[in-house]
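Student: Structure file my_file-v2.pdb (PDB, C-alpha atoms and all ligand atoms) is given on the next line.
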ATOM      1  CA  MET E  25     162.793  74.736 -27.036  1.00  0.00           C
ATOM      2  CA  ALA E  26     166.130  73.338 -25.842  1.00  0.00           C
ATOM      3  CA  GLU E  27     166.324  69.631 -25.201  1.00  0.00           C
ATOM      4  CA  GLU E  28     166.728  68.508 -21.607  1.00  0.00           C
ATOM      5  CA  THR E  29     169.850  66.650 -20.537  1.00  0.00           C
ATOM      6  CA  ILE E  30     170.572  64.279 -17.701  1.00  0.00           C
ATOM      7  CA  PHE E  31     171.275  67.332 -15.552  1.00  0.00           C
ATOM      8  CA  SER E  32     167.557  68.226 -15.505  1.00  0.00           C
ATOM      9  CA  LYS E  33     166.870  64.790 -14.014  1.00  0.00           C
ATOM     10  CA  ILE E  34     169.534  65.444 -11.363  1.00  0.00           C
ATOM     11  CA  ILE E  35     167.905  68.796 -10.501  1.00  0.00           C
ATOM     12  CA  ARG E  36     164.542  67.055 -10.076  1.00  0.00           C
ATOM     13  CA  ARG E  37     166.220  64.222  -8.082  1.00  0.00           C
ATOM     14  CA  GLU E  38     164.952  61.676 -10.604  1.00  0.00           C
ATOM     15  CA  ILE E  39     168.367  60.026 -10.880  1.00  0.00           C
ATOM     16  CA  PRO E  40     171.053  59.634  -8.215  1.00  0.00           C
ATOM     17  CA  ALA E  41     173.728  62.271  -7.795  1.00  0.00           C
ATOM     18  CA  ASP E  42     175.839  63.484  -4.888  1.00  0.00           C
ATOM     19  CA  VAL E  43     174.092  66.843  -4.517  1.00  0.00           C
ATOM     20  CA  VAL E  44     176.048  69.150  -2.217  1.00  0.00           C
ATOM     21  CA  TYR E  45     173.853  72.244  -2.556  1.00  0.00           C
ATOM     22  CA  GLN E  46     170.489  73.237  -4.012  1.00  0.00           C
ATOM     23  CA  ASP E  47     168.327  76.326  -3.814  1.00  0.00           C
ATOM     24  CA  GLU E  48     165.637  77.902  -5.966  1.00  0.00           C
ATOM     25  CA  LEU E  49     168.149  78.996  -8.627  1.00  0.00           C
ATOM     26  CA  VAL E  50     171.020  76.507  -8.759  1.00  0.00           C
ATOM     27  CA  THR E  51     172.049  72.928  -8.010  1.00  0.00           C
ATOM     28  CA  ALA E  52     175.567  71.660  -7.272  1.00  0.00           C
ATOM     29  CA  PHE E  53     176.692  68.036  -7.353  1.00  0.00           C
ATOM     30  CA  ARG E  54     179.907  66.050  -7.537  1.00  0.00           C
ATOM     31  CA  ASP E  55     181.162  65.196 -11.011  1.00  0.00           C
ATOM     32  CA  ILE E  56     180.766  61.514 -11.813  1.00  0.00           C
ATOM     33  CA  ALA E  57     184.331  61.385 -13.210  1.00  0.00           C
ATOM     34  CA  PRO E  58     186.321  63.758 -10.988  1.00  0.00           C
ATOM     35  CA  LYS E  59     189.485  65.297 -12.458  1.00  0.00           C
ATOM     36  CA  ALA E  60     190.720  66.548  -9.064  1.00  0.00           C
ATOM     37  CA  PRO E  61     190.075  65.787  -5.369  1.00  0.00           C
ATOM     38  CA  THR E  62     187.261  68.333  -5.464  1.00  0.00           C
ATOM     39  CA  HIS E  63     185.277  68.396  -8.710  1.00  0.00           C
ATOM     40  CA  ILE E  64     181.776  69.785  -8.400  1.00  0.00           C
ATOM     41  CA  LEU E  65     179.390  70.961 -11.097  1.00  0.00           C
ATOM     42  CA  ILE E  66     177.219  74.001 -10.420  1.00  0.00           C
ATOM     43  CA  ILE E  67     174.259  74.451 -12.735  1.00  0.00           C
ATOM     44  CA  PRO E  68     171.243  76.740 -13.038  1.00  0.00           C
ATOM     45  CA  ASN E  69     167.918  75.020 -12.373  1.00  0.00           C
ATOM     46  CA  VAL E  70     166.610  76.567 -15.590  1.00  0.00           C
ATOM     47  CA  LEU E  71     167.897  74.996 -18.798  1.00  0.00           C
ATOM     48  CA  ILE E  72     170.444  77.252 -20.500  1.00  0.00           C
ATOM     49  CA  PRO E  73     172.216  75.019 -23.045  1.00  0.00           C
ATOM     50  CA  THR E  74     175.473  76.940 -23.492  1.00  0.00           C
ATOM     51  CA  ALA E  75     177.161  80.215 -22.530  1.00  0.00           C
ATOM     52  CA  ASN E  76     175.993  81.480 -25.936  1.00  0.00           C
ATOM     53  CA  ASP E  77     172.404  81.219 -24.713  1.00  0.00           C
ATOM     54  CA  ALA E  78     172.870  83.368 -21.602  1.00  0.00           C
ATOM     55  CA  GLN E  79     170.317  86.179 -21.461  1.00  0.00           C
ATOM     56  CA  PRO E  80     169.866  89.126 -19.078  1.00  0.00           C
ATOM     57  CA  ALA E  81     166.991  87.213 -17.471  1.00  0.00           C
ATOM     58  CA  HIS E  82     169.499  84.548 -16.436  1.00  0.00           C
ATOM     59  CA  GLU E  83     171.855  86.909 -14.635  1.00  0.00           C
ATOM     60  CA  GLN E  84     170.565  86.117 -11.147  1.00  0.00           C
ATOM     61  CA  ALA E  85     171.055  82.374 -11.605  1.00  0.00           C
ATOM     62  CA  LEU E  86     174.421  82.806 -13.350  1.00  0.00           C
ATOM     63  CA  GLY E  87     175.634  85.116 -10.583  1.00  0.00           C
ATOM     64  CA  ARG E  88     174.392  82.688  -7.933  1.00  0.00           C
ATOM     65  CA  MET E  89     176.562  79.996  -9.516  1.00  0.00           C
ATOM     66  CA  ILE E  90     179.660  81.979  -8.516  1.00  0.00           C
ATOM     67  CA  THR E  91     178.586  82.835  -4.972  1.00  0.00           C
ATOM     68  CA  VAL E  92     177.614  79.191  -4.440  1.00  0.00           C
ATOM     69  CA  ALA E  93     180.981  78.096  -5.854  1.00  0.00           C
ATOM     70  CA  ALA E  94     182.716  80.288  -3.277  1.00  0.00           C
ATOM     71  CA  LYS E  95     180.596  78.828  -0.466  1.00  0.00           C
ATOM     72  CA  ILE E  96     181.272  75.256  -1.568  1.00  0.00           C
ATOM     73  CA  ALA E  97     184.996  75.986  -1.877  1.00  0.00           C
ATOM     74  CA  ARG E  98     184.966  77.182   1.737  1.00  0.00           C
ATOM     75  CA  ASP E  99     182.964  74.118   2.816  1.00  0.00           C
ATOM     76  CA  GLU E 100     185.423  71.836   0.986  1.00  0.00           C
ATOM     77  CA  GLY E 101     188.365  73.574   2.671  1.00  0.00           C
ATOM     78  CA  ILE E 102     189.989  74.624  -0.598  1.00  0.00           C
ATOM     79  CA  ALA E 103     189.188  78.343  -0.651  1.00  0.00           C
ATOM     80  CA  GLU E 104     192.513  79.546   0.744  1.00  0.00           C
ATOM     81  CA  ASP E 105     194.725  77.346  -1.439  1.00  0.00           C
ATOM     82  CA  GLY E 106     192.576  78.144  -4.448  1.00  0.00           C
ATOM     83  CA  TYR E 107     190.697  76.410  -7.176  1.00  0.00           C
ATOM     84  CA  ARG E 108     189.481  76.860 -10.744  1.00  0.00           C
ATOM     85  CA  LEU E 109     186.032  77.663 -12.122  1.00  0.00           C
ATOM     86  CA  ILE E 110     185.496  76.547 -15.721  1.00  0.00           C
ATOM     87  CA  ILE E 111     182.588  76.839 -18.155  1.00  0.00           C
ATOM     88  CA  ASN E 112     183.111  74.973 -21.414  1.00  0.00           C
ATOM     89  CA  CYS E 113     181.159  76.117 -24.491  1.00  0.00           C
ATOM     90  CA  ASN E 114     180.392  74.046 -27.580  1.00  0.00           C
ATOM     91  CA  SER E 115     182.821  71.753 -29.366  1.00  0.00           C
ATOM     92  CA  HIS E 116     186.014  73.813 -29.229  1.00  0.00           C
ATOM     93  CA  GLY E 117     185.380  74.397 -25.538  1.00  0.00           C
ATOM     94  CA  GLY E 118     184.970  70.659 -24.974  1.00  0.00           C
ATOM     95  CA  GLN E 119     181.361  70.883 -23.800  1.00  0.00           C
ATOM     96  CA  GLU E 120     179.739  67.440 -23.511  1.00  0.00           C
ATOM     97  CA  VAL E 121     176.506  68.189 -21.642  1.00  0.00           C
ATOM     98  CA  TYR E 122     174.323  70.924 -23.131  1.00  0.00           C
ATOM     99  CA  HIS E 123     173.031  72.353 -19.866  1.00  0.00           C
ATOM    100  CA  ILE E 124     175.417  75.148 -18.908  1.00  0.00           C
ATOM    101  CA  HIS E 125     177.567  74.154 -15.935  1.00  0.00           C
ATOM    102  CA  MET E 126     180.464  75.558 -13.989  1.00  0.00           C
ATOM    103  CA  HIS E 127     183.166  73.112 -12.943  1.00  0.00           C
ATOM    104  CA  LEU E 128     184.646  73.822  -9.507  1.00  0.00           C
ATOM    105  CA  VAL E 129     187.939  71.958  -9.399  1.00  0.00           C
ATOM    106  CA  GLY E 130     190.591  72.034  -6.706  1.00  0.00           C
ATOM    107  CA  GLY E 131     192.237  70.211  -3.849  1.00  0.00           C
ATOM    108  CA  GLN E 132     195.620  70.049  -5.579  1.00  0.00           C
ATOM    109  CA  PRO E 133     197.795  72.356  -7.714  1.00  0.00           C
ATOM    110  CA  LEU E 134     196.053  72.465 -11.096  1.00  0.00           C
ATOM    111  CA  GLY E 135     198.957  73.390 -13.337  1.00  0.00           C
ATOM    112  CA  PRO E 136     198.726  75.602 -16.402  1.00  0.00           C
ATOM    113  CA  MET E 137     195.267  76.738 -17.404  1.00  0.00           C
ATOM    114  CA  LEU E 138     195.337  75.116 -20.846  1.00  0.00           C
ATOM    115  CA  ALA E 139     197.030  72.001 -22.131  1.00  0.00           C
ATOM    116  CA  SER E 140     199.256  73.008 -25.031  1.00  0.00           C
TER     117      SER E 140
HETATM  118  P1  LIG W 201     181.651  69.327 -20.010  1.00  0.00           P
HETATM  119  O1  LIG W 201     182.691  68.576 -20.790  1.00  0.00           O
HETATM  120  O2  LIG W 201     180.311  69.342 -20.699  1.00  0.00           O
HETATM  121  O3  LIG W 201     182.112  70.696 -19.579  1.00  0.00           O
HETATM  122  O4  LIG W 201     181.498  68.531 -18.644  1.00  0.00           O
HETATM  123  C1  LIG W 201     180.497  67.603 -18.414  1.00  0.00           C
HETATM  124  C2  LIG W 201     180.812  66.949 -17.081  1.00  0.00           C
HETATM  125  O5  LIG W 201     179.666  66.278 -16.625  1.00  0.00           O
HETATM  126  C3  LIG W 201     181.935  65.928 -17.168  1.00  0.00           C
HETATM  127  O6  LIG W 201     182.985  66.286 -16.278  1.00  0.00           O
HETATM  128  C4  LIG W 201     181.254  64.607 -16.767  1.00  0.00           C
HETATM  129  O7  LIG W 201     182.080  63.782 -16.012  1.00  0.00           O
HETATM  130  C5  LIG W 201     180.042  65.091 -15.988  1.00  0.00           C
HETATM  131  N1  LIG W 201     178.883  64.219 -16.069  1.00  0.00           N
HETATM  132  C6  LIG W 201     178.326  63.714 -17.207  1.00  0.00           C
HETATM  133  N2  LIG W 201     177.252  62.961 -16.909  1.00  0.00           N
HETATM  134  C7  LIG W 201     177.123  63.001 -15.545  1.00  0.00           C
HETATM  135  C8  LIG W 201     176.184  62.414 -14.643  1.00  0.00           C
HETATM  136  O8  LIG W 201     175.261  61.707 -15.021  1.00  0.00           O
HETATM  137  N3  LIG W 201     176.371  62.678 -13.321  1.00  0.00           N
HETATM  138  C9  LIG W 201     177.389  63.460 -12.861  1.00  0.00           C
HETATM  139  N4  LIG W 201     177.468  63.670 -11.541  1.00  0.00           N
HETATM  140  N5  LIG W 201     178.280  64.041 -13.697  1.00  0.00           N
HETATM  141  C10 LIG W 201     178.162  63.796 -15.016  1.00  0.00           C
END
Could I get this file's structure written as structure tokens?
Tutor:
Amino acid sequence: MAEETIFSKIIRREIPADVVYQDELVTAFRDIAPKAPTHILIIPNVLIPTANDAQPAHEQALGRMITVAAKIARDEGIAEDGYRLIINCNSHGGQEVYHIHMHLVGGQPLGPMLAS
């Protein structure tokens, strides 16, 4: 059984977060330490620790994360200029919170995809 993170408390509204969207499958909220003018995390309501743990049963929630990202990008007014969707996995990916999450970052030119 995977261990819950602070993100489960955000899903259940047990701790404060700037939640911008929630439905039966996913929750989206602003990152506490934004790296760009728009920086929102989109997470499945079910605990999937990392991308390595994604199963066929999770496909609906994982797919919803992308359609919700597109909706939020439109709502934020950044869809036309563009943005980046990022999922970090484990230590080499720089993952800090072990509840899979998609970063939606935008609102300015983001530069090269990876720092060299
Ligand atoms: P990772 O490095 O795991 O891909 O990204 C984790 C992200 O979660 C970081 O950008 C970090 O700022 C954000 N984060 C960590 N704890 C909290 C929290 O309690 N609330 C919010 N809104 N974001 C958090």
Student: State, in Å with one decimal place, the distance from atom O7 of ligand LIG 201 (chain W) to CA of Ala85 (chain E).
Tutor: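 Going from atom O7 of ligand LIG 201 (chain W) over to CA of Ala85 (chain E) covers 22.1 Å.
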Student: To check your reading of the model: which residues sit at most 7 Å from ligand LIG 201 (chain W) when counting all atoms listed in the file? Write the answer as a list in words.
Tutor: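 Answer in the requested format: Ile30, Phe31, Ala41, Asp42, Phe53, Arg54, Asp55, Ile56, Ala57, Pro58, Ile111, Asn112, Gly118, Gln119, Glu120, Val121, Tyr122 and His125 of chain E.
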Student: Measuring atom to atom with only C-alpha atoms, identify which of E:Leu71, E:Arg98, E:Ala52, E:Gln46 is nearest to Met25 (chain E).
Tutor: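 Of the candidates, the smallest distance to Met25 (chain E) is held by E:Leu71.
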Student: As AutoDock Vina command-line options, please: the centre and edge lengths in Å, to one decimal, of an axis-aligned box enclosing every listed atom of region 37-50 of chain E with 5 Å added on each side.
Tutor:
--center_x 170.5 --center_y 69.3 --center_z -6.5 --size_x 21.1 --size_y 29.4 --size_z 18.7
Student: Considering only C-alpha atoms, return as a PyMOL selection string whatever protein or nucleic-acid residues lie within 12 Å of region 99-104 of chain E, sequence-local ones (same chain, fewer than 6 positions apart) excluded.
Tutor: chain E and resi 44-45+54+60-64+92-93+128-133
Student: For each of E:Ile90, E:Gly117, E:Ile35, E:Gly135, take the minimum atom-to-atom distance to Ala75 (chain E), counting only C-alpha atoms, then give the residue where this is smallest.
Tutor: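 Among E:Ile90, E:Gly117, E:Ile35, E:Gly135, it is E:Gly117 that comes nearest to Ala75 (chain E).
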Student: Running the PyMOL selection byres (((chain E and resi 68) around 10) and not hetatm) on this model by hand, what would come out? Give it as a count of residues only.
Tutor: 27
Student: What does the structure give for the distance between CA of Arg36 (chain E) and CA of Ala81 (chain E), in Å to one decimal?
Tutor: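 Taking CA of Arg36 (chain E) and CA of Ala81 (chain E), their separation equals 21.6 Å.
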Student: Just to confirm, what's the straight-line distance from CA of Ile34 (chain E) to CA of Tyr107 (chain E) in Å (one decimal)?
Tutor: 24.2 Å
Student: Can you work out which one of E:Pro136, E:Glu83, E:Leu65, E:Ala78 has the shortest atom-to-atom distance to Cys113 (chain E), counting all atoms listed in the file?
Tutor: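 Ranking E:Pro136, E:Glu83, E:Leu65, E:Ala78 by distance to Cys113 (chain E), first place goes to E:Ala78.
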Student: For each of E:Pro80, E:Pro73, E:Val43, E:Arg108, take the minimum atom-to-atom distance to Glu27 (chain E), counting only C-alpha atoms, then give the residue where this is smallest.
Tutor: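 Under the stated criterion, the closest residue is E:Pro73.
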